[in-house]
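Structure first, commentary second.
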Amino acid sequence: MSESSEIKTPSRRAFLKAAAAAVPAAAVAGAARADDPLITEVQEWASGLGEGVDATPYGLPIEFEGDVVRRTVEWLTADAISSINFTPIHALDGTITPQGCAFERHHSGAIELKKEDYRLMINGLVDQPLVFTYDDLERFPRENHVYFCECAANTGMEWAGAQLNGAQYTHGMIHNMEYTGVSLRTLLNEAGLGAAGDLKDKWVYVEGADASSNGRSIPMEKALDDCLVAFKANGEALRMEHGYPVRLCVPGWEGNMWVKWLRRIEVTDAAVESREETSKYTDTLADGTSRKWTWEMDAKSIITSPSPQMPIKHGKGPLVITGLAWSGRGAITRVDVSKDGGKTWETARLAKPGEKMALSRFYLDTTWDGEEMFLQARAMDETGYVQPTKDELRAVRGENSIYHNNSIQTWWVQPNGEADNVEVS
């Protein structure tokens, strides 16, 4: 695919001016009138007193935004205990995900574990095995980082064809939060790694306190790089469903490795080869073989609006196309948007420079003529990696996999503004 040299992004002022000339001013302004009683007359909400400051000690969304919630797909799993729900990414803007609507993935259900009962053991090939309390962890130097966490199965239902109709369902197994905690490197150094000898072939095995334990092996190089033992997200304590009181963050790598209710870190001389890294979370190829250790989440993007859950309601004229992009290999440097199924591309505007292992928000300020569109987004990261089409990815991986589907998504926007999940060839 090549970029069209004919496509230019108009200034916002220019297309507002053009839109105003093409349609009545009231339509551009949202059909408001100068004599609209909602602006000319005193309304009920301005005629009396509102709620006091103590009405909601912990603030909640207003009832008018009650649709911005996590959702499940009932037929996806046998029950809700070992299951997943989806972040309402279609209804959010910016990049930070509120904890209350960040997706959940549990293997044996979310557990209640008090800070007072919390313990974290470091053992194995260390100089001195240690056990930390929650209070112990808070005494170490803290770090703050914004990271995305994406389930390896995000978009997994789309391998064989368009399945789920909505950005929340196709790409909603992701969140992006500011985590606070202690670097894993600090805790490993506290226990001492002299007994491990040469670290280049060493691993750490991490497990949680829940019934599944969800044990995963992590190469020592990654453990000493940027892994974080986190106890806060977005400035407050972790929610129960996100591993309260302590979880592990493994930036840029699949969410299954972000072990919740972290209870043990063992330094080993080889990968443990647990269930979650052998029979699960491996990539089945076209010939039936499976490859493992595909931890990094490759560059990916999704248009969140317009999309099936966010149809165009205002008709022709100015339109903001927006979405999210991310990469487990580094910062997003560019996102292109196509309105014609990948024939031509326009470079979108990043809300701010991309950050390593964090979501980036992109915008394309454009004009919609009321004709159908086949919307796509294509992300690029600082390594030069370009997000592939579905055909390009299938040529390498086939259609047998579940995990690591980072192919380009297509929304068919119809003249009435509604959108559907489709594939183009």
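The way I read the labels, and the way they are meant: chains A, B, ... in the order of the structure tokens, residue 1 as the first residue of every chain, and ligand 1 as the first ligand shown, with later ones counted on from there.
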Any idea what's packed within 8 Å of A:Trp203, counting only C-alpha atoms, ignoring anything in its chain fewer than 3 positions away? Could you give it as a PyMOL selection string? chain A and resi 217-220+267-271
Show me, as number ranges by chain, the residues that have an atom within 9 Å of stretch 293-302 of chain A when counting only C-alpha atoms, minus same-chain residues fewer than 6 positions from it. A: 150, 152, 167, 171, 251-254, 257, 277, 281-283, 322-330, 332, 335, 376-381, 385-388, 404-410
Contact table stretch 109-175 of chain A vs stretch 358-365 of chain A, cut-off 12 Å, shortest pair per residue, only C-alpha atoms, as a Markdown table:
```
| residue | atom | partner | partner_atom | distance |
| --- | --- | --- | --- | --- |
| A:His145 | CA | A:Ala358 | CA | 9.0 |
| A:Val146 | CA | A:Ala358 | CA | 6.0 |
| A:Tyr147 | CA | A:Ala358 | CA | 4.6 |
| A:Phe148 | CA | A:Ala358 | CA | 4.9 |
| A:Cys149 | CA | A:Ala358 | CA | 8.6 |
| A:Glu150 | CA | A:Leu359 | CA | 10.5 |
| A:Ile174 | CA | A:Leu359 | CA | 9.6 |
| A:His175 | CA | A:Leu359 | CA | 8.5 |
```
Selection to disk with C-alpha atoms, as a tab-separated table (two decimals), in the first residue's frame:
```tsv
chain	number	residue	atom	x	y	z
A	145	HIS	CA	4.84	4.89	35.17
A	146	VAL	CA	1.98	4.93	32.68
A	147	TYR	CA	1.69	1.50	31.05
A	148	PHE	CA	-0.88	-0.32	28.93
A	149	CYS	CA	-1.88	-3.86	29.88
A	150	GLU	CA	-3.32	-5.92	27.02
A	174	ILE	CA	-6.79	-3.42	27.35
A	175	HIS	CA	-6.29	-0.67	29.87
```
I'd like the contact shell of A:Lys313 - 12 Å cut-off, only C-alpha atoms, skipping same-chain residues fewer than 4 positions apart - returned as a PyMOL selection string. chain A and resi 27+30-31+305-309+317-319+368+370+413-419
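With only C-alpha atoms as the atoms that count, the minimum distance from A:His106 to the choices A:Leu375, A:Ile303, A:Leu393, A:Val259 is reached by A:Val259.
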Please list as a PyMOL selection string every residue within 12 Å of A:Leu224, counting only C-alpha atoms and excluding residues in the same chain fewer than 6 positions away. chain A and resi 182-189+193+199-200+202-204+218+250+267
Using only C-alpha atoms, determine which residues lie at most 12 Å from A:Glu138, disregarding the query and same-chain residues fewer than 5 positions distant; provide the list as a count of residues only. 15
Strand (DSSP E or B) call set, DSSP backbone run, stretch 124-221 of chain A, as number ranges by chain: A: 124, 130-133, 143-150, 174-183, 203-208, 216-219
Can those selected residues be exported to a file as a short mmCIF file (atom, residue, chain, number, x, y, z; two decimals), in the first residue's frame so that it contains N, CA, C and O atoms?
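Listed below is the output, out-v2.cif:
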```cif
data_model
loop_
_atom_site.label_atom_id
_atom_site.label_comp_id
_atom_site.auth_asym_id
_atom_site.auth_seq_id
_atom_site.Cartn_x
_atom_site.Cartn_y
_atom_site.Cartn_z
N GLY A 124 14.56 -18.97 45.97
CA GLY A 124 15.27 -19.59 44.87
C GLY A 124 16.75 -19.25 44.91
O GLY A 124 17.37 -19.27 45.99
N LEU A 130 13.70 -13.74 51.28
CA LEU A 130 13.05 -12.68 52.06
C LEU A 130 11.55 -12.79 51.93
O LEU A 130 11.02 -13.29 50.92
N VAL A 131 10.85 -12.32 52.96
CA VAL A 131 9.40 -12.19 52.93
C VAL A 131 9.05 -10.76 53.31
O VAL A 131 9.47 -10.29 54.38
N PHE A 132 8.31 -10.08 52.44
CA PHE A 132 7.93 -8.69 52.67
C PHE A 132 6.45 -8.60 53.05
O PHE A 132 5.62 -9.34 52.51
N THR A 133 6.13 -7.69 53.95
CA THR A 133 4.75 -7.30 54.20
C THR A 133 4.39 -6.15 53.27
O THR A 133 5.27 -5.58 52.60
N GLU A 143 8.30 4.39 42.21
CA GLU A 143 8.32 4.90 40.84
C GLU A 143 6.89 5.03 40.34
O GLU A 143 5.99 4.34 40.82
N ASN A 144 6.69 5.94 39.37
CA ASN A 144 5.39 6.11 38.72
C ASN A 144 5.57 5.96 37.22
O ASN A 144 6.43 6.62 36.62
N HIS A 145 4.76 5.10 36.61
CA HIS A 145 4.84 4.89 35.17
C HIS A 145 3.45 4.66 34.60
O HIS A 145 2.61 4.01 35.23
N VAL A 146 3.22 5.20 33.40
CA VAL A 146 1.98 4.93 32.68
C VAL A 146 2.26 3.78 31.71
O VAL A 146 3.12 3.88 30.84
N TYR A 147 1.52 2.68 31.87
CA TYR A 147 1.69 1.50 31.05
C TYR A 147 0.34 0.99 30.55
O TYR A 147 -0.66 1.10 31.27
N PHE A 148 0.31 0.42 29.35
CA PHE A 148 -0.88 -0.32 28.93
C PHE A 148 -0.72 -1.78 29.33
O PHE A 148 0.39 -2.32 29.39
N CYS A 149 -1.83 -2.43 29.63
CA CYS A 149 -1.88 -3.86 29.88
C CYS A 149 -2.90 -4.44 28.91
O CYS A 149 -4.07 -4.07 28.95
N GLU A 150 -2.44 -5.33 28.03
CA GLU A 150 -3.32 -5.92 27.02
C GLU A 150 -3.30 -7.44 27.14
O GLU A 150 -2.24 -8.05 27.16
N ILE A 174 -7.96 -4.28 27.17
CA ILE A 174 -6.79 -3.42 27.35
C ILE A 174 -7.14 -2.31 28.32
O ILE A 174 -8.30 -1.86 28.40
N HIS A 175 -6.16 -1.89 29.08
CA HIS A 175 -6.29 -0.67 29.87
C HIS A 175 -4.95 0.05 29.88
O HIS A 175 -3.92 -0.50 29.49
N ASN A 176 -4.97 1.30 30.30
CA ASN A 176 -3.77 2.14 30.35
C ASN A 176 -3.87 2.97 31.62
O ASN A 176 -4.73 3.83 31.74
N MET A 177 -3.00 2.67 32.59
CA MET A 177 -3.10 3.35 33.88
C MET A 177 -1.73 3.79 34.36
O MET A 177 -0.70 3.26 33.95
N GLU A 178 -1.74 4.77 35.26
CA GLU A 178 -0.50 5.19 35.91
C GLU A 178 -0.28 4.32 37.14
O GLU A 178 -1.06 4.39 38.10
N TYR A 179 0.75 3.52 37.11
CA TYR A 179 1.04 2.61 38.21
C TYR A 179 2.13 3.19 39.12
O TYR A 179 3.09 3.80 38.66
N THR A 180 1.95 2.95 40.40
CA THR A 180 2.91 3.34 41.42
C THR A 180 3.39 2.09 42.15
O THR A 180 2.58 1.24 42.51
N GLY A 181 4.69 1.99 42.34
CA GLY A 181 5.21 0.83 43.05
C GLY A 181 6.72 0.85 43.16
O GLY A 181 7.36 1.91 43.06
N VAL A 182 7.28 -0.33 43.37
CA VAL A 182 8.72 -0.52 43.56
C VAL A 182 9.24 -1.36 42.40
O VAL A 182 8.59 -2.35 42.00
N SER A 183 10.37 -1.00 41.83
CA SER A 183 10.91 -1.79 40.73
C SER A 183 11.24 -3.20 41.22
O SER A 183 11.73 -3.39 42.34
N TRP A 203 16.10 -16.92 35.15
CA TRP A 203 14.70 -16.53 35.03
C TRP A 203 14.15 -16.20 36.42
O TRP A 203 14.76 -16.57 37.44
N VAL A 204 12.98 -15.56 36.44
CA VAL A 204 12.20 -15.47 37.67
C VAL A 204 10.84 -16.09 37.38
O VAL A 204 10.29 -15.93 36.27
N TYR A 205 10.34 -16.82 38.35
CA TYR A 205 9.01 -17.42 38.23
C TYR A 205 8.12 -16.69 39.22
O TYR A 205 8.41 -16.62 40.42
N VAL A 206 7.02 -16.10 38.73
CA VAL A 206 6.14 -15.29 39.57
C VAL A 206 4.79 -15.98 39.67
O VAL A 206 4.30 -16.57 38.70
N GLU A 207 4.18 -15.93 40.83
CA GLU A 207 2.86 -16.52 41.02
C GLU A 207 2.01 -15.65 41.92
O GLU A 207 2.53 -14.87 42.72
N GLY A 208 0.68 -15.82 41.79
CA GLY A 208 -0.26 -15.04 42.57
C GLY A 208 -0.81 -15.81 43.75
O GLY A 208 -0.59 -17.02 43.89
N ARG A 216 3.95 -17.60 35.93
CA ARG A 216 4.62 -17.32 34.66
C ARG A 216 6.11 -17.14 34.87
O ARG A 216 6.56 -16.61 35.89
N SER A 217 6.89 -17.56 33.87
CA SER A 217 8.34 -17.39 33.89
C SER A 217 8.71 -16.14 33.10
O SER A 217 8.18 -15.90 32.01
N ILE A 218 9.64 -15.36 33.64
CA ILE A 218 10.08 -14.13 33.01
C ILE A 218 11.61 -14.14 32.93
O ILE A 218 12.27 -14.41 33.93
N PRO A 219 12.20 -13.89 31.76
CA PRO A 219 13.66 -13.84 31.67
C PRO A 219 14.23 -12.79 32.62
O PRO A 219 13.65 -11.71 32.80
#
```
